[in-house]
$ cat data.cif   # mmCIF, C-alpha atoms
data_query
loop_
_atom_site.label_atom_id
_atom_site.label_comp_id
_atom_site.auth_asym_id
_atom_site.auth_seq_id
_atom_site.Cartn_x
_atom_site.Cartn_y
_atom_site.Cartn_z
CA MET A 1 -31.72 -67.10 -11.01
CA SER A 2 -33.41 -64.16 -9.30
CA VAL A 3 -31.69 -62.77 -6.21
CA ARG A 4 -33.75 -62.17 -3.04
CA LEU A 5 -33.35 -59.46 -0.44
CA PRO A 6 -32.10 -59.35 2.31
CA ALA A 7 -29.69 -62.05 1.15
CA ALA A 8 -28.55 -59.61 -1.54
CA HIS A 9 -26.29 -57.87 0.99
CA GLU A 10 -24.23 -61.06 1.02
CA ILE A 11 -23.40 -60.82 -2.69
CA GLU A 12 -20.75 -58.69 -4.30
CA LEU A 13 -21.55 -55.80 -6.54
CA PRO A 14 -21.43 -56.94 -10.14
CA PRO A 15 -18.62 -55.53 -12.25
CA ASP A 16 -19.53 -52.85 -14.76
CA GLU A 17 -19.57 -55.28 -17.70
CA GLU A 18 -22.04 -57.56 -15.89
CA LEU A 19 -24.16 -54.54 -15.00
CA ALA A 20 -24.17 -53.61 -18.70
CA GLU A 21 -25.31 -57.16 -19.58
CA LEU A 22 -28.08 -57.01 -16.98
CA THR A 23 -29.18 -53.63 -18.33
CA ALA A 24 -29.28 -54.95 -21.89
CA GLY A 25 -31.27 -58.00 -20.85
CA ALA A 26 -33.65 -55.89 -18.79
CA GLU A 27 -34.25 -53.51 -21.67
CA LEU A 28 -35.04 -56.54 -23.88
CA GLY A 29 -37.74 -57.62 -21.41
CA ASP A 30 -35.97 -60.41 -19.50
CA ASP A 31 -37.74 -60.35 -16.10
CA VAL A 32 -34.86 -62.13 -14.31
CA ALA A 33 -32.38 -59.57 -15.69
CA MET A 34 -34.75 -56.79 -14.60
CA GLY A 35 -34.94 -58.16 -11.08
CA ASN A 36 -31.21 -58.75 -10.77
CA LEU A 37 -30.46 -55.31 -12.22
CA ALA A 38 -32.72 -53.89 -9.52
CA VAL A 39 -30.71 -55.76 -6.87
CA ALA A 40 -27.45 -54.37 -8.28
CA LEU A 41 -28.87 -50.85 -8.35
CA HIS A 42 -30.19 -51.24 -4.82
CA LEU A 43 -26.77 -52.36 -3.61
CA ARG A 44 -25.26 -49.31 -5.30
CA GLY A 45 -27.71 -47.05 -3.47
CA ASP A 46 -29.91 -46.27 -6.48
CA ARG A 47 -33.34 -46.68 -4.84
CA ALA A 48 -35.22 -45.09 -7.74
CA GLY A 49 -33.56 -47.38 -10.28
CA ALA A 50 -34.20 -50.43 -8.09
CA LEU A 51 -37.84 -49.44 -7.67
CA HIS A 52 -38.23 -48.98 -11.43
CA TRP A 53 -36.74 -52.35 -12.41
CA TRP A 54 -38.37 -54.35 -9.62
CA GLY A 55 -41.69 -52.82 -10.62
CA LYS A 56 -41.16 -53.82 -14.24
CA ALA A 57 -39.98 -57.32 -13.31
CA TRP A 58 -42.95 -57.77 -10.97
CA ALA A 59 -45.34 -56.60 -13.68
CA ALA A 60 -43.71 -59.17 -16.00
CA GLY A 61 -44.51 -61.94 -13.52
CA ASN A 62 -41.26 -62.31 -11.57
CA VAL A 63 -42.45 -63.35 -8.09
CA VAL A 64 -39.03 -62.84 -6.49
CA ALA A 65 -39.08 -59.26 -7.78
CA GLY A 66 -42.46 -58.86 -6.07
CA TYR A 67 -40.98 -60.03 -2.79
CA ASN A 68 -38.02 -57.65 -3.20
CA LEU A 69 -40.34 -54.79 -4.12
CA GLY A 70 -42.22 -55.42 -0.88
CA MET A 71 -38.92 -55.36 1.01
CA LEU A 72 -38.07 -52.01 -0.57
CA HIS A 73 -41.45 -50.59 0.44
CA THR A 74 -41.00 -51.94 3.97
CA ALA A 75 -37.54 -50.36 4.26
CA ALA A 76 -39.06 -47.07 3.12
CA GLY A 77 -41.69 -47.33 5.87
CA ASP A 78 -44.59 -48.06 3.51
CA ALA A 79 -46.05 -51.21 5.06
CA ASN A 80 -49.31 -50.83 3.15
CA ARG A 81 -47.66 -50.96 -0.28
CA ALA A 82 -45.49 -53.86 0.88
CA GLN A 83 -48.59 -55.72 2.03
CA VAL A 84 -50.37 -55.23 -1.30
CA VAL A 85 -47.42 -56.62 -3.25
CA TRP A 86 -46.74 -59.43 -0.79
CA GLU A 87 -50.39 -60.53 -0.80
CA LYS A 88 -50.15 -61.07 -4.54
CA ALA A 89 -46.74 -62.77 -4.34
CA ALA A 90 -47.91 -64.98 -1.46
CA ALA A 91 -50.99 -65.99 -3.44
CA LEU A 92 -48.55 -67.12 -6.15
CA GLY A 93 -46.79 -69.33 -3.59
CA ASP A 94 -43.81 -67.23 -2.50
CA PRO A 95 -42.91 -68.34 1.07
CA ASP A 96 -40.85 -65.22 1.81
CA ALA A 97 -43.78 -62.99 0.92
CA MET A 98 -45.95 -65.13 3.21
CA LEU A 99 -43.40 -64.68 5.98
CA GLY A 100 -43.35 -60.92 5.40
CA LEU A 101 -47.13 -60.88 5.80
CA VAL A 102 -46.94 -62.92 9.00
CA LYS A 103 -44.34 -60.53 10.44
CA GLN A 104 -46.53 -57.54 9.55
CA ALA A 105 -49.53 -59.23 11.15
CA LEU A 106 -47.53 -60.00 14.31
CA ASP A 107 -46.40 -56.38 14.51
CA ARG A 108 -50.04 -55.22 14.21
CA GLY A 109 -51.38 -57.83 16.62
CA ASP A 110 -53.50 -59.21 13.77
CA ALA A 111 -54.17 -62.85 14.73
CA ALA A 112 -56.24 -63.44 11.58
CA GLY A 113 -53.33 -62.31 9.39
CA VAL A 114 -51.00 -64.72 11.17
CA GLU A 115 -53.54 -67.54 10.83
CA ARG A 116 -53.93 -66.85 7.11
CA TRP A 117 -50.27 -67.51 6.21
CA ALA A 118 -48.53 -69.36 9.08
CA PRO A 119 -50.21 -72.73 8.31
CA VAL A 120 -49.33 -72.38 4.62
CA ILE A 121 -45.67 -71.80 5.51
CA LEU A 122 -45.70 -74.78 7.89
CA ALA A 123 -47.17 -77.04 5.20
CA GLN A 124 -44.24 -76.46 2.85
CA ASP A 125 -41.14 -78.57 2.53
CA GLU A 126 -38.63 -75.70 2.79
CA ALA A 127 -36.95 -75.41 6.18
CA PHE A 128 -35.81 -71.78 5.89
CA PRO A 129 -39.22 -70.06 5.92
CA ILE A 130 -40.48 -72.45 8.61
CA THR A 131 -37.51 -71.73 10.87
CA ALA A 132 -37.86 -68.00 10.17
CA LEU A 133 -41.55 -68.25 11.09
CA GLY A 134 -40.52 -69.87 14.37
CA VAL A 135 -38.08 -67.03 15.05
CA ALA A 136 -40.76 -64.41 14.33
CA LEU A 137 -43.24 -66.15 16.63
CA ARG A 138 -40.59 -66.49 19.34
CA ASP A 139 -39.64 -62.83 19.04
CA HIS A 140 -43.31 -61.90 19.54
CA GLY A 141 -43.60 -64.07 22.65
CA ASP A 142 -45.59 -66.96 21.17
CA LEU A 143 -43.27 -69.73 22.35
CA ALA A 144 -45.77 -72.56 21.93
CA ARG A 145 -46.27 -71.85 18.24
CA ALA A 146 -42.56 -71.11 17.80
CA MET A 147 -41.76 -74.56 19.21
CA ARG A 148 -44.19 -76.18 16.74
CA ALA A 149 -42.54 -74.32 13.85
CA PHE A 150 -39.06 -75.34 15.01
CA LEU A 151 -40.20 -78.96 15.33
CA ARG A 152 -41.54 -78.87 11.76
CA ALA A 153 -38.23 -77.43 10.48
CA GLU A 154 -36.37 -80.09 12.47
CA GLU A 155 -38.34 -82.74 10.58
CA LEU A 156 -36.76 -81.25 7.46
CA GLY A 157 -33.32 -81.53 9.06
CA ASP A 158 -32.60 -77.87 9.93
CA GLY A 159 -29.90 -77.56 12.59
CA TYR A 160 -30.75 -73.93 13.28
CA ALA A 161 -34.30 -74.87 14.23
CA MET A 162 -32.88 -77.47 16.60
CA GLU A 163 -30.62 -74.88 18.21
CA TYR A 164 -33.45 -72.35 18.59
CA ARG A 165 -35.68 -74.95 20.22
CA ALA A 166 -32.82 -76.07 22.47
CA ARG A 167 -32.45 -72.49 23.72
CA ILE A 168 -36.12 -72.37 24.66
CA LEU A 169 -35.88 -75.74 26.41
CA ALA A 170 -32.79 -74.60 28.34
CA ALA A 171 -34.55 -71.40 29.41
CA ARG A 172 -37.36 -73.60 30.76
CA GLY A 173 -34.83 -75.64 32.75
CA GLN A 174 -35.04 -78.70 30.48
CA HIS A 175 -31.26 -78.92 30.21
CA GLU A 176 -30.89 -82.61 29.37
CA GLU A 177 -33.31 -82.37 26.47
CA ALA A 178 -31.67 -79.11 25.34
CA ASP A 179 -28.20 -80.66 25.42
CA ALA A 180 -29.36 -83.70 23.43
CA LEU A 181 -30.97 -81.41 20.87
CA ARG A 182 -27.82 -79.31 20.61
CA ALA A 183 -25.82 -82.47 19.93
CA ARG A 184 -28.24 -83.33 17.09
CA ALA A 185 -27.99 -79.74 15.82
CA ALA A 186 -24.21 -80.01 15.63
CA ARG A 187 -24.58 -82.92 13.20
CA ALA A 188 -27.47 -81.44 11.21
CA GLU A 189 -27.48 -79.26 8.13
CA ARG A 190 -27.79 -75.49 8.64
CA MET A 191 -30.43 -74.30 6.21
CA LEU A 192 -30.57 -70.57 6.85
#
$ encode --input "data.cif" --output "structure tokens"
Amino acid sequence: MSVRLPAAHEIELPPDEELAELTAGAELGDDVAMGNLAVALHLRGDRAGALHWWGKAWAAGNVVAGYNLGMLHTAAGDANRAQVVWEKAAALGDPDAMLGLVKQALDRGDAAGVERWAPVILAQDEAFPITALGVALRDHGDLARAMRAFLRAEELGDGYAMEYRARILAARGQHEEADALRARAARAERML
């Protein structure tokens, strides 16, 4: 299974023998090995090696590697290169790439960019990107759309979305509704 950034910071560095296995697999053309080798190299601080292997994995069709490559470009301050890669990965259905594009569009004040990908994210059946979309919208001051995203993620059972919406309700003075939602959130699955 391909490993995604930024979740990669939550994994341990692979031991040297596993790194050797990943390297061998990558050199044989295994796109998952290439992508995971890139993650290991990235975690070890080898940006050039990570860039090389994510590029090769992406060229071989590994969509997760495309997302990670976009993350690497974003971290390096190259939003344009990230956008090019993410557009292709999003067109292939990657919800994290779509979310990256929405966040870029929000940062630029590009309403058309948000409208291109936000509805596609909302139409999916994965709570994480929908909740993350709600957080991005909330952080950019669009509380009405954030609430709709949180409601959609709640339909999928995400307790985090319930908690985020409860905070907005509480800030609006709707304490009873917020408390009831928090009680539901305590019983719900946390999908982030």
$ atom_distance --input "data.cif" --atom1 "atom CA of A:Asn80" --atom2 "atom CA of A:Gly29"
28.0 Å
$ resolve_selection --input "data.cif" --expression "the PyMOL selection byres ((chain A and resi 152) around 12)" --output "mmCIF file with C-alpha atoms, in the frame of the given file"
data_model
loop_
_atom_site.group_PDB
_atom_site.id
_atom_site.type_symbol
_atom_site.label_atom_id
_atom_site.label_comp_id
_atom_site.auth_asym_id
_atom_site.auth_seq_id
_atom_site.Cartn_x
_atom_site.Cartn_y
_atom_site.Cartn_z
ATOM 1 C CA PRO A 119 -50.210 -72.730 8.310
ATOM 2 C CA ILE A 121 -45.670 -71.800 5.510
ATOM 3 C CA LEU A 122 -45.700 -74.780 7.890
ATOM 4 C CA ALA A 123 -47.170 -77.040 5.200
ATOM 5 C CA GLN A 124 -44.240 -76.460 2.850
ATOM 6 C CA ASP A 125 -41.140 -78.570 2.530
ATOM 7 C CA GLU A 126 -38.630 -75.700 2.790
ATOM 8 C CA ALA A 127 -36.950 -75.410 6.180
ATOM 9 C CA PHE A 128 -35.810 -71.780 5.890
ATOM 10 C CA PRO A 129 -39.220 -70.060 5.920
ATOM 11 C CA ILE A 130 -40.480 -72.450 8.610
ATOM 12 C CA THR A 131 -37.510 -71.730 10.870
ATOM 13 C CA ALA A 132 -37.860 -68.000 10.170
ATOM 14 C CA LEU A 133 -41.550 -68.250 11.090
ATOM 15 C CA GLY A 134 -40.520 -69.870 14.370
ATOM 16 C CA ARG A 145 -46.270 -71.850 18.240
ATOM 17 C CA ALA A 146 -42.560 -71.110 17.800
ATOM 18 C CA MET A 147 -41.760 -74.560 19.210
ATOM 19 C CA ARG A 148 -44.190 -76.180 16.740
ATOM 20 C CA ALA A 149 -42.540 -74.320 13.850
ATOM 21 C CA PHE A 150 -39.060 -75.340 15.010
ATOM 22 C CA LEU A 151 -40.200 -78.960 15.330
ATOM 23 C CA ALA A 153 -38.230 -77.430 10.480
ATOM 24 C CA GLU A 154 -36.370 -80.090 12.470
ATOM 25 C CA GLU A 155 -38.340 -82.740 10.580
ATOM 26 C CA LEU A 156 -36.760 -81.250 7.460
ATOM 27 C CA GLY A 157 -33.320 -81.530 9.060
ATOM 28 C CA ASP A 158 -32.600 -77.870 9.930
ATOM 29 C CA GLY A 159 -29.900 -77.560 12.590
ATOM 30 C CA TYR A 160 -30.750 -73.930 13.280
ATOM 31 C CA ALA A 161 -34.300 -74.870 14.230
ATOM 32 C CA MET A 162 -32.880 -77.470 16.600
ATOM 33 C CA ARG A 165 -35.680 -74.950 20.220
#
$ resolve_selection --input "data.cif" --expression "the PyMOL selection byres ((chain A and resi 106-108) around 12)" --output "ChimeraX atom specification"
/A:79-80,99-105,109-118,133,135-142
$ closest_atom_pairs --input "data.cif" --of "stretch 58-164 of chain A" --to "stretch 31-37 of chain A" --cutoff "9 Å" --atoms "all atoms listed in the file" --output "JSON lines"
{"residue": "A:Trp58", "atom": "CA", "partner": "A:Asp31", "partner_atom": "CA", "distance": 7.8}
{"residue": "A:Ala59", "atom": "CA", "partner": "A:Asp31", "partner_atom": "CA", "distance": 8.8}
{"residue": "A:Ala60", "atom": "CA", "partner": "A:Asp31", "partner_atom": "CA", "distance": 6.1}
{"residue": "A:Gly61", "atom": "CA", "partner": "A:Asp31", "partner_atom": "CA", "distance": 7.4}
{"residue": "A:Asn62", "atom": "CA", "partner": "A:Asp31", "partner_atom": "CA", "distance": 6.1}
{"residue": "A:Val64", "atom": "CA", "partner": "A:Gly35", "partner_atom": "CA", "distance": 7.7}
{"residue": "A:Ala65", "atom": "CA", "partner": "A:Gly35", "partner_atom": "CA", "distance": 5.4}
{"residue": "A:Asn68", "atom": "CA", "partner": "A:Gly35", "partner_atom": "CA", "distance": 8.5}
$ axis_aligned_box --input "data.cif" --around "stretch 107-119 of chain A" --padding-each-side "8 Å" --output "lines of an AutoDock Vina configuration file"
center_x = -51.3
center_y = -64.0
center_z = 11.4
size_x = 25.8
size_y = 33.5
size_z = 26.4
$ atom_distance --input "data.cif" --atom1 "atom CA of A:Ala89" --atom2 "atom CA of A:Val63"
5.7 Å
$ resolve_selection --input "data.cif" --expression "the PyMOL selection byres ((chain A and resi 169) around 12)" --output "list of chain:residue names"
A:Leu143, A:Ala144, A:Ala146, A:Met147, A:Phe150, A:Met162, A:Glu163, A:Tyr164, A:Arg165, A:Ala166, A:Arg167, A:Ile168, A:Ala170, A:Ala171, A:Arg172, A:Gly173, A:Gln174, A:His175, A:Glu176, A:Glu177, A:Ala178, A:Asp179, A:Ala180, A:Leu181, A:Arg182
$ write_last_selection --input "data.cif" --atoms "C-alpha atoms" --output "PDB file, in the coordinates of the input"
ATOM      1  CA  LEU A 143     -43.270 -69.730  22.350  1.00  0.00           C
ATOM      2  CA  ALA A 144     -45.770 -72.560  21.930  1.00  0.00           C
ATOM      3  CA  ALA A 146     -42.560 -71.110  17.800  1.00  0.00           C
ATOM      4  CA  MET A 147     -41.760 -74.560  19.210  1.00  0.00           C
ATOM      5  CA  PHE A 150     -39.060 -75.340  15.010  1.00  0.00           C
ATOM      6  CA  MET A 162     -32.880 -77.470  16.600  1.00  0.00           C
ATOM      7  CA  GLU A 163     -30.620 -74.880  18.210  1.00  0.00           C
ATOM      8  CA  TYR A 164     -33.450 -72.350  18.590  1.00  0.00           C
ATOM      9  CA  ARG A 165     -35.680 -74.950  20.220  1.00  0.00           C
ATOM     10  CA  ALA A 166     -32.820 -76.070  22.470  1.00  0.00           C
ATOM     11  CA  ARG A 167     -32.450 -72.490  23.720  1.00  0.00           C
ATOM     12  CA  ILE A 168     -36.120 -72.370  24.660  1.00  0.00           C
ATOM     13  CA  ALA A 170     -32.790 -74.600  28.340  1.00  0.00           C
ATOM     14  CA  ALA A 171     -34.550 -71.400  29.410  1.00  0.00           C
ATOM     15  CA  ARG A 172     -37.360 -73.600  30.760  1.00  0.00           C
ATOM     16  CA  GLY A 173     -34.830 -75.640  32.750  1.00  0.00           C
ATOM     17  CA  GLN A 174     -35.040 -78.700  30.480  1.00  0.00           C
ATOM     18  CA  HIS A 175     -31.260 -78.920  30.210  1.00  0.00           C
ATOM     19  CA  GLU A 176     -30.890 -82.610  29.370  1.00  0.00           C
ATOM     20  CA  GLU A 177     -33.310 -82.370  26.470  1.00  0.00           C
ATOM     21  CA  ALA A 178     -31.670 -79.110  25.340  1.00  0.00           C
ATOM     22  CA  ASP A 179     -28.200 -80.660  25.420  1.00  0.00           C
ATOM     23  CA  ALA A 180     -29.360 -83.700  23.430  1.00  0.00           C
ATOM     24  CA  LEU A 181     -30.970 -81.410  20.870  1.00  0.00           C
ATOM     25  CA  ARG A 182     -27.820 -79.310  20.610  1.00  0.00           C
TER      26      ARG A 182
END
$ closest_residue --input "data.cif" --among "A:Leu51, A:Ala40, A:Ala185, A:Lys88" --to "A:Ala76" --atoms "only C-alpha atoms"
A:Leu51
$ atom_distance --input "data.cif" --atom1 "atom CA of A:Pro95" --atom2 "atom CA of A:Gly70"
13.1 Å
$ closest_residue --input "data.cif" --among "A:Glu189, A:Leu72, A:Val85, A:Asp46" --to "A:Ala97" --atoms "only C-alpha atoms"
A:Val85
$ closest_residue --input "data.cif" --among "A:Ala20, A:Leu28, A:Ala48, A:Ala82" --to "A:Leu69" --atoms "only C-alpha atoms"
A:Ala82
$ build_atoms --input "data.cif" --residues "stretch 152-176 of chain A" --atoms "N, CA and C atoms" --output "PDB file, in the coordinates of the input"
ATOM      1  N   ARG A 152     -41.268 -78.583  13.178  1.00  0.00           N
ATOM      2  CA  ARG A 152     -41.540 -78.870  11.760  1.00  0.00           C
ATOM      3  C   ARG A 152     -40.252 -78.707  10.941  1.00  0.00           C
ATOM      4  N   ALA A 153     -39.483 -77.647  11.202  1.00  0.00           N
ATOM      5  CA  ALA A 153     -38.230 -77.430  10.480  1.00  0.00           C
ATOM      6  C   ALA A 153     -37.206 -78.514  10.838  1.00  0.00           C
ATOM      7  N   GLU A 154     -37.250 -78.986  12.079  1.00  0.00           N
ATOM      8  CA  GLU A 154     -36.370 -80.090  12.470  1.00  0.00           C
ATOM      9  C   GLU A 154     -36.679 -81.337  11.669  1.00  0.00           C
ATOM     10  N   GLU A 155     -37.966 -81.589  11.396  1.00  0.00           N
ATOM     11  CA  GLU A 155     -38.340 -82.740  10.580  1.00  0.00           C
ATOM     12  C   GLU A 155     -37.676 -82.672   9.209  1.00  0.00           C
ATOM     13  N   LEU A 156     -37.410 -81.457   8.749  1.00  0.00           N
ATOM     14  CA  LEU A 156     -36.760 -81.250   7.460  1.00  0.00           C
ATOM     15  C   LEU A 156     -35.235 -81.221   7.594  1.00  0.00           C
ATOM     16  N   GLY A 157     -34.751 -81.408   8.825  1.00  0.00           N
ATOM     17  CA  GLY A 157     -33.320 -81.530   9.060  1.00  0.00           C
ATOM     18  C   GLY A 157     -32.572 -80.250   9.377  1.00  0.00           C
ATOM     19  N   ASP A 158     -33.280 -79.155   9.716  1.00  0.00           N
ATOM     20  CA  ASP A 158     -32.600 -77.870   9.930  1.00  0.00           C
ATOM     21  C   ASP A 158     -31.968 -77.773  11.313  1.00  0.00           C
ATOM     22  N   GLY A 159     -30.645 -77.696  11.342  1.00  0.00           N
ATOM     23  CA  GLY A 159     -29.900 -77.560  12.590  1.00  0.00           C
ATOM     24  C   GLY A 159     -30.170 -76.271  13.332  1.00  0.00           C
ATOM     25  N   TYR A 160     -30.430 -75.191  12.606  1.00  0.00           N
ATOM     26  CA  TYR A 160     -30.750 -73.930  13.280  1.00  0.00           C
ATOM     27  C   TYR A 160     -32.031 -74.049  14.078  1.00  0.00           C
ATOM     28  N   ALA A 161     -33.040 -74.685  13.514  1.00  0.00           N
ATOM     29  CA  ALA A 161     -34.300 -74.870  14.230  1.00  0.00           C
ATOM     30  C   ALA A 161     -34.069 -75.670  15.510  1.00  0.00           C
ATOM     31  N   MET A 162     -33.199 -76.671  15.425  1.00  0.00           N
ATOM     32  CA  MET A 162     -32.880 -77.470  16.600  1.00  0.00           C
ATOM     33  C   MET A 162     -32.229 -76.606  17.678  1.00  0.00           C
ATOM     34  N   GLU A 163     -31.302 -75.765  17.247  1.00  0.00           N
ATOM     35  CA  GLU A 163     -30.620 -74.880  18.210  1.00  0.00           C
ATOM     36  C   GLU A 163     -31.586 -73.895  18.838  1.00  0.00           C
ATOM     37  N   TYR A 164     -32.462 -73.310  18.037  1.00  0.00           N
ATOM     38  CA  TYR A 164     -33.450 -72.350  18.590  1.00  0.00           C
ATOM     39  C   TYR A 164     -34.361 -73.037  19.598  1.00  0.00           C
ATOM     40  N   ARG A 165     -34.795 -74.240  19.286  1.00  0.00           N
ATOM     41  CA  ARG A 165     -35.680 -74.950  20.220  1.00  0.00           C
ATOM     42  C   ARG A 165     -34.908 -75.347  21.471  1.00  0.00           C
ATOM     43  N   ALA A 166     -33.637 -75.722  21.311  1.00  0.00           N
ATOM     44  CA  ALA A 166     -32.820 -76.070  22.470  1.00  0.00           C
ATOM     45  C   ALA A 166     -32.680 -74.874  23.422  1.00  0.00           C
ATOM     46  N   ARG A 167     -32.552 -73.681  22.865  1.00  0.00           N
ATOM     47  CA  ARG A 167     -32.450 -72.490  23.720  1.00  0.00           C
ATOM     48  C   ARG A 167     -33.715 -72.287  24.552  1.00  0.00           C
ATOM     49  N   ILE A 168     -34.861 -72.519  23.932  1.00  0.00           N
ATOM     50  CA  ILE A 168     -36.120 -72.370  24.660  1.00  0.00           C
ATOM     51  C   ILE A 168     -36.215 -73.437  25.753  1.00  0.00           C
ATOM     52  N   LEU A 169     -35.854 -74.662  25.414  1.00  0.00           N
ATOM     53  CA  LEU A 169     -35.880 -75.740  26.410  1.00  0.00           C
ATOM     54  C   LEU A 169     -34.943 -75.427  27.575  1.00  0.00           C
ATOM     55  N   ALA A 170     -33.746 -74.935  27.277  1.00  0.00           N
ATOM     56  CA  ALA A 170     -32.790 -74.600  28.340  1.00  0.00           C
ATOM     57  C   ALA A 170     -33.338 -73.491  29.236  1.00  0.00           C
ATOM     58  N   ALA A 171     -33.979 -72.490  28.619  1.00  0.00           N
ATOM     59  CA  ALA A 171     -34.550 -71.400  29.410  1.00  0.00           C
ATOM     60  C   ALA A 171     -35.671 -71.897  30.321  1.00  0.00           C
ATOM     61  N   ARG A 172     -36.305 -72.993  29.940  1.00  0.00           N
ATOM     62  CA  ARG A 172     -37.360 -73.600  30.760  1.00  0.00           C
ATOM     63  C   ARG A 172     -36.789 -74.572  31.795  1.00  0.00           C
ATOM     64  N   GLY A 173     -35.463 -74.740  31.805  1.00  0.00           N
ATOM     65  CA  GLY A 173     -34.830 -75.640  32.750  1.00  0.00           C
ATOM     66  C   GLY A 173     -34.754 -77.081  32.274  1.00  0.00           C
ATOM     67  N   GLN A 174     -35.072 -77.338  31.042  1.00  0.00           N
ATOM     68  CA  GLN A 174     -35.040 -78.700  30.480  1.00  0.00           C
ATOM     69  C   GLN A 174     -33.660 -78.921  29.841  1.00  0.00           C
ATOM     70  N   HIS A 175     -32.641 -78.915  30.677  1.00  0.00           N
ATOM     71  CA  HIS A 175     -31.260 -78.920  30.210  1.00  0.00           C
ATOM     72  C   HIS A 175     -30.839 -80.213  29.518  1.00  0.00           C
ATOM     73  N   GLU A 176     -31.276 -81.350  30.016  1.00  0.00           N
ATOM     74  CA  GLU A 176     -30.890 -82.610  29.370  1.00  0.00           C
ATOM     75  C   GLU A 176     -31.436 -82.682  27.950  1.00  0.00           C
TER      76      GLU A 176
END
